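Worksheet for the structure shown next.
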Amino acid sequence: MATVKVFSTPTCPYCTRVKSYLDEKNIPFENIDVAGNPNGLQYMITVSGQMGVPVVMIDDYVIVGFDKDKIDAKLGI
Amino acid sequence: MVDLIIVGAGPAGITAGVYAARKKIDFLMVSEDIGGQTALSSDVENYTGYQFITGTELVSKFEEHLKQFNVELKANEAVKRIVKANDSAGGVWFIVETAKEHYEAKSVIIASGRRPRWLSVKGEEGFRNKGVSYCATCDGPVFAEKIVAVIGGGNAALDAALQMMKIASKVYLININPKLSGDPVMRDKVESSNKVEVLNNAVTKEILGAKFVTGIKLEQGGVEKEIGLQGIFVEIGSVPNSGIIDLVKKNNGGEIIVDNLNRTSEPGIFAAGDVTDVPEKQIIVAAGEGAKAVLGAFRYLAGLG
């Protein structure tokens, strides 16, 4: 099974939506709250080349924003 | 071909979807996102039935309601263009084009909402999500202990400045006008904060940086200056997403002109919500307009005008 990470902030609406979507599909994921977590934030910026949240990482594949089509394709759901 | 296509899935589009499903209209919905601007609203305290709800939660409620019906929703598909077609027998229909597909319908409801107004200065587009943001609620925490600027002088800008003064090390509020406008209570809070520096009569000229934003170039009183910073929040209002259609009349602000039955100047094309010239931009108003638009389209499809 793919390792799924979600880089998010507590206040970002699309972060909440992406997390509920993964919950709904029963996909376990690690939530990395980048607010007040400079290392996590720096890692997100390095892998995604940008500063917007959410970022979804499926194994090594990086998806910026809540892009249902890309998430579905990558997870085969 | 379907009878109706609803473009957009914010409060107006989703309410239209619920009404169209209940009227058993043969329809589909096409939208870039779900929830529109409501998804980005922090707290909603004026949607009847909810004394307090966040924008995200309200959108989930809308979506849940829509999912009660078997609605064909093409999400993640931005509409590029809506054009009219006709055949030799005098039949008229509309083609809704996205990057992936084109869809045909006898009638269309445009509920495409509004998007943030851009500054339209050098560097803005290239540094989007690389220091330039249009949503302090979303991206604010990324700029913890950083220096940021909020551009604008109205309520949205004041709200962004109030959010950022709790997070950033310093906030420049860059206002093109001689004075801040917006709510006096918010203005007082911003002006009395020692973290916020208000620059009035300041025109943004350029956003500077390499891979990410490193500064901003301004002109204030005929003098150009540069400020080093990491984040820029643009809060200078919004524009209607009406560029997808040329068939209908619009006002000077680009809003689609509708009558009280949500009819546009083109028979068969209806519009609802913040993309229209209806003056009040409110979630509940948009939802009501979405309902009205479907009832109008239903009448049109029945040949009743």
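Chain lettering (A, B, ...) mirrors the order of the structure tokens, residue numbering begins at 1 for each chain separately, and ligand numbering begins at 1 in order of display.
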Going by DSSP on the backbone, which bits of segment 185-289 of chain B are strand (DSSP E)? Write them as a CSV table (one decimal) with N, CA and C atoms, in the first residue's frame, please.
```
chain,number,residue,atom,x,y,z
B,196,VAL,N,2.3,46.0,12.9
B,196,VAL,CA,1.8,46.4,11.6
B,196,VAL,C,2.3,47.8,11.2
B,197,GLU,N,2.8,48.0,10.0
B,197,GLU,CA,3.2,49.3,9.5
B,197,GLU,C,2.3,49.6,8.3
B,198,VAL,N,1.5,50.6,8.4
B,198,VAL,CA,0.6,51.0,7.3
B,198,VAL,C,1.3,52.0,6.4
B,199,LEU,N,1.3,51.6,5.1
B,199,LEU,CA,1.9,52.5,4.1
B,199,LEU,C,0.8,53.0,3.2
B,202,ALA,N,0.6,54.1,-1.3
B,202,ALA,CA,1.7,53.3,-1.8
B,202,ALA,C,1.2,52.4,-3.0
B,203,VAL,N,1.9,52.5,-4.1
B,203,VAL,CA,1.5,51.7,-5.3
B,203,VAL,C,2.5,50.6,-5.4
B,204,THR,N,2.0,49.4,-5.5
B,204,THR,CA,2.9,48.2,-5.8
B,204,THR,C,3.4,48.2,-7.2
B,205,LYS,N,4.7,48.1,-7.4
B,205,LYS,CA,5.2,48.2,-8.8
B,205,LYS,C,5.7,46.8,-9.3
B,206,GLU,N,6.3,46.1,-8.4
B,206,GLU,CA,6.8,44.8,-8.8
B,206,GLU,C,7.0,43.8,-7.6
B,207,ILE,N,6.9,42.5,-7.9
B,207,ILE,CA,7.2,41.6,-6.8
B,207,ILE,C,8.5,40.9,-7.2
B,208,LEU,N,9.4,41.0,-6.2
B,208,LEU,CA,10.8,40.6,-6.5
B,208,LEU,C,11.1,39.2,-5.9
B,209,GLY,N,12.1,38.5,-6.5
B,209,GLY,CA,12.5,37.2,-5.9
B,209,GLY,C,13.3,36.4,-6.9
B,213,VAL,N,9.6,34.6,-3.3
B,213,VAL,CA,9.5,36.0,-3.1
B,213,VAL,C,10.6,36.5,-2.1
B,214,THR,N,11.3,37.5,-2.4
B,214,THR,CA,12.3,38.1,-1.5
B,214,THR,C,12.0,39.6,-1.2
B,215,GLY,N,11.1,40.2,-2.0
B,215,GLY,CA,10.8,41.6,-1.7
B,215,GLY,C,9.7,42.2,-2.6
B,216,ILE,N,9.5,43.4,-2.4
B,216,ILE,CA,8.4,44.1,-3.1
B,216,ILE,C,8.9,45.5,-3.5
B,217,LYS,N,8.6,46.0,-4.7
B,217,LYS,CA,9.0,47.3,-5.1
B,217,LYS,C,7.8,48.2,-5.1
B,218,LEU,N,7.9,49.3,-4.4
B,218,LEU,CA,6.7,50.3,-4.2
B,218,LEU,C,7.1,51.6,-4.7
B,219,GLU,N,6.0,52.4,-4.9
B,219,GLU,CA,6.2,53.8,-5.2
B,219,GLU,C,5.3,54.6,-4.2
B,220,GLN,N,5.9,55.5,-3.4
B,220,GLN,CA,5.2,56.2,-2.4
B,220,GLN,C,5.6,57.7,-2.5
B,223,VAL,N,8.5,58.5,-4.8
B,223,VAL,CA,9.7,57.8,-4.5
B,223,VAL,C,9.6,56.3,-4.6
B,224,GLU,N,10.5,55.7,-5.3
B,224,GLU,CA,10.5,54.2,-5.3
B,224,GLU,C,11.3,53.6,-4.2
B,225,LYS,N,10.7,52.5,-3.6
B,225,LYS,CA,11.5,51.9,-2.6
B,225,LYS,C,11.3,50.4,-2.6
B,226,GLU,N,12.2,49.6,-2.1
B,226,GLU,CA,12.1,48.2,-2.0
B,226,GLU,C,12.1,47.7,-0.6
B,227,ILE,N,11.2,46.8,-0.3
B,227,ILE,CA,11.1,46.2,1.1
B,227,ILE,C,11.4,44.7,1.0
B,228,GLY,N,12.3,44.2,1.8
B,228,GLY,CA,12.6,42.8,1.8
B,228,GLY,C,11.6,42.1,2.6
B,231,GLY,N,6.5,37.1,2.2
B,231,GLY,CA,5.1,36.7,1.8
B,231,GLY,C,4.3,38.0,1.4
B,232,ILE,N,3.4,37.8,0.4
B,232,ILE,CA,2.6,38.9,0.0
B,232,ILE,C,1.1,38.4,-0.2
B,233,PHE,N,0.2,39.0,0.6
B,233,PHE,CA,-1.2,38.6,0.5
B,233,PHE,C,-1.9,39.7,-0.3
B,234,VAL,N,-2.5,39.4,-1.4
B,234,VAL,CA,-3.2,40.3,-2.3
B,234,VAL,C,-4.7,40.3,-1.9
B,238,SER,N,-12.5,41.4,-5.8
B,238,SER,CA,-12.7,40.3,-6.6
B,238,SER,C,-13.3,40.7,-8.0
B,239,VAL,N,-13.2,39.8,-8.9
B,239,VAL,CA,-13.8,40.0,-10.3
B,239,VAL,C,-14.7,38.8,-10.6
B,240,PRO,N,-15.8,39.1,-11.4
B,240,PRO,CA,-16.7,38.0,-11.7
B,240,PRO,C,-16.0,37.0,-12.8
B,269,ILE,N,-30.1,31.2,-21.5
B,269,ILE,CA,-29.0,31.3,-20.6
B,269,ILE,C,-29.5,32.1,-19.4
B,270,PHE,N,-29.3,31.5,-18.2
B,270,PHE,CA,-29.6,32.0,-17.0
B,270,PHE,C,-28.3,32.2,-16.2
B,271,ALA,N,-28.4,33.1,-15.2
B,271,ALA,CA,-27.2,33.3,-14.3
B,271,ALA,C,-27.6,33.5,-12.9
```
> Counting only C-alpha atoms, which residues of chain B come no farther than 12 Å from chain A, as a PyMOL selection string?
Replying inline: chain B and resi 32-43+54-60+63+74-77+126-146+163+167-168+211-213+230-232
Can you spit out the residues from that selection as a PDB file, in the first residue's frame, using C-alpha atoms?
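Generated file (again.pdb):
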```
ATOM      1  CA  GLU B  32     -13.645  23.742 -11.415  1.00  0.00           C
ATOM      2  CA  ASP B  33     -14.152  23.286  -7.670  1.00  0.00           C
ATOM      3  CA  ILE B  34     -16.784  22.631  -5.033  1.00  0.00           C
ATOM      4  CA  GLY B  35     -17.919  25.414  -2.753  1.00  0.00           C
ATOM      5  CA  GLY B  36     -16.371  28.372  -4.554  1.00  0.00           C
ATOM      6  CA  GLN B  37     -15.587  31.320  -2.306  1.00  0.00           C
ATOM      7  CA  THR B  38     -17.597  29.764   0.550  1.00  0.00           C
ATOM      8  CA  ALA B  39     -14.969  27.028   0.853  1.00  0.00           C
ATOM      9  CA  LEU B  40     -12.476  29.778   1.674  1.00  0.00           C
ATOM     10  CA  SER B  41     -14.665  31.640   4.180  1.00  0.00           C
ATOM     11  CA  SER B  42     -13.586  31.190   7.759  1.00  0.00           C
ATOM     12  CA  ASP B  43     -16.681  31.773   9.880  1.00  0.00           C
ATOM     13  CA  THR B  54     -17.263  27.345   9.064  1.00  0.00           C
ATOM     14  CA  GLY B  55     -17.193  27.775   5.299  1.00  0.00           C
ATOM     15  CA  THR B  56     -15.714  24.297   4.899  1.00  0.00           C
ATOM     16  CA  GLU B  57     -18.471  22.689   6.978  1.00  0.00           C
ATOM     17  CA  LEU B  58     -21.207  24.557   5.140  1.00  0.00           C
ATOM     18  CA  VAL B  59     -19.789  23.372   1.807  1.00  0.00           C
ATOM     19  CA  SER B  60     -19.773  19.777   3.126  1.00  0.00           C
ATOM     20  CA  GLU B  63     -22.339  18.657  -1.039  1.00  0.00           C
ATOM     21  CA  LYS B  74     -18.062  17.027 -13.556  1.00  0.00           C
ATOM     22  CA  ALA B  75     -15.734  18.441 -10.928  1.00  0.00           C
ATOM     23  CA  ASN B  76     -12.170  19.641 -11.533  1.00  0.00           C
ATOM     24  CA  GLU B  77     -13.297  20.799 -14.959  1.00  0.00           C
ATOM     25  CA  GLY B 126       5.370  33.708 -11.481  1.00  0.00           C
ATOM     26  CA  PHE B 127       5.439  33.898  -7.681  1.00  0.00           C
ATOM     27  CA  ARG B 128       1.909  32.579  -7.089  1.00  0.00           C
ATOM     28  CA  ASN B 129       2.186  30.018  -4.294  1.00  0.00           C
ATOM     29  CA  LYS B 130       5.858  30.959  -4.058  1.00  0.00           C
ATOM     30  CA  GLY B 131       5.204  33.793  -1.655  1.00  0.00           C
ATOM     31  CA  VAL B 132       2.189  35.400  -3.329  1.00  0.00           C
ATOM     32  CA  SER B 133      -1.166  34.302  -1.906  1.00  0.00           C
ATOM     33  CA  TYR B 134      -4.781  35.366  -2.218  1.00  0.00           C
ATOM     34  CA  CYS B 135      -5.923  33.609   0.960  1.00  0.00           C
ATOM     35  CA  ALA B 136      -4.456  34.498   4.357  1.00  0.00           C
ATOM     36  CA  THR B 137      -6.761  31.945   6.016  1.00  0.00           C
ATOM     37  CA  CYS B 138      -5.239  29.177   3.891  1.00  0.00           C
ATOM     38  CA  ASP B 139      -1.588  30.098   3.608  1.00  0.00           C
ATOM     39  CA  GLY B 140      -1.023  32.387   6.604  1.00  0.00           C
ATOM     40  CA  PRO B 141       0.588  29.817   8.938  1.00  0.00           C
ATOM     41  CA  VAL B 142       3.245  29.063   6.314  1.00  0.00           C
ATOM     42  CA  PHE B 143       4.653  32.539   7.025  1.00  0.00           C
ATOM     43  CA  ALA B 144       5.168  32.130  10.766  1.00  0.00           C
ATOM     44  CA  GLU B 145       7.821  34.563  12.042  1.00  0.00           C
ATOM     45  CA  LYS B 146       8.350  35.892   8.499  1.00  0.00           C
ATOM     46  CA  GLN B 163      -4.742  37.285  10.964  1.00  0.00           C
ATOM     47  CA  ILE B 167       1.590  34.823  12.942  1.00  0.00           C
ATOM     48  CA  ALA B 168       4.207  36.920  11.143  1.00  0.00           C
ATOM     49  CA  LYS B 211      12.783  30.968  -6.688  1.00  0.00           C
ATOM     50  CA  PHE B 212      10.557  32.475  -3.987  1.00  0.00           C
ATOM     51  CA  VAL B 213       9.517  36.021  -3.106  1.00  0.00           C
ATOM     52  CA  GLN B 230       8.860  36.637   2.202  1.00  0.00           C
ATOM     53  CA  GLY B 231       5.102  36.739   1.782  1.00  0.00           C
ATOM     54  CA  ILE B 232       2.557  38.908  -0.013  1.00  0.00           C
TER      55      ILE B 232
END
```
>> Among segment 14-238 of chain B, which residues does DSSP mark as alpha helix (DSSP H) when it is run on the backbone? Keep the chain and numbering as in the structure and answer as a ChimeraX atom specification.
In response: /B:14-22,55-67,136-139,155-164,184-192
> What's the 12 Å shell around segment 287-289 of chain B, counting only C-alpha atoms, without same-chain residues fewer than 3 positions away, as a count of residues only?
Replying inline: 48
> Nearest to Glu30 of chain A: which of A:Thr46, A:Met1, A:Phe7, A:Asp60 is it, counting only C-alpha atoms?
Replying inline: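 The answer is A:Phe7, which sits nearest to Glu30 of chain A.
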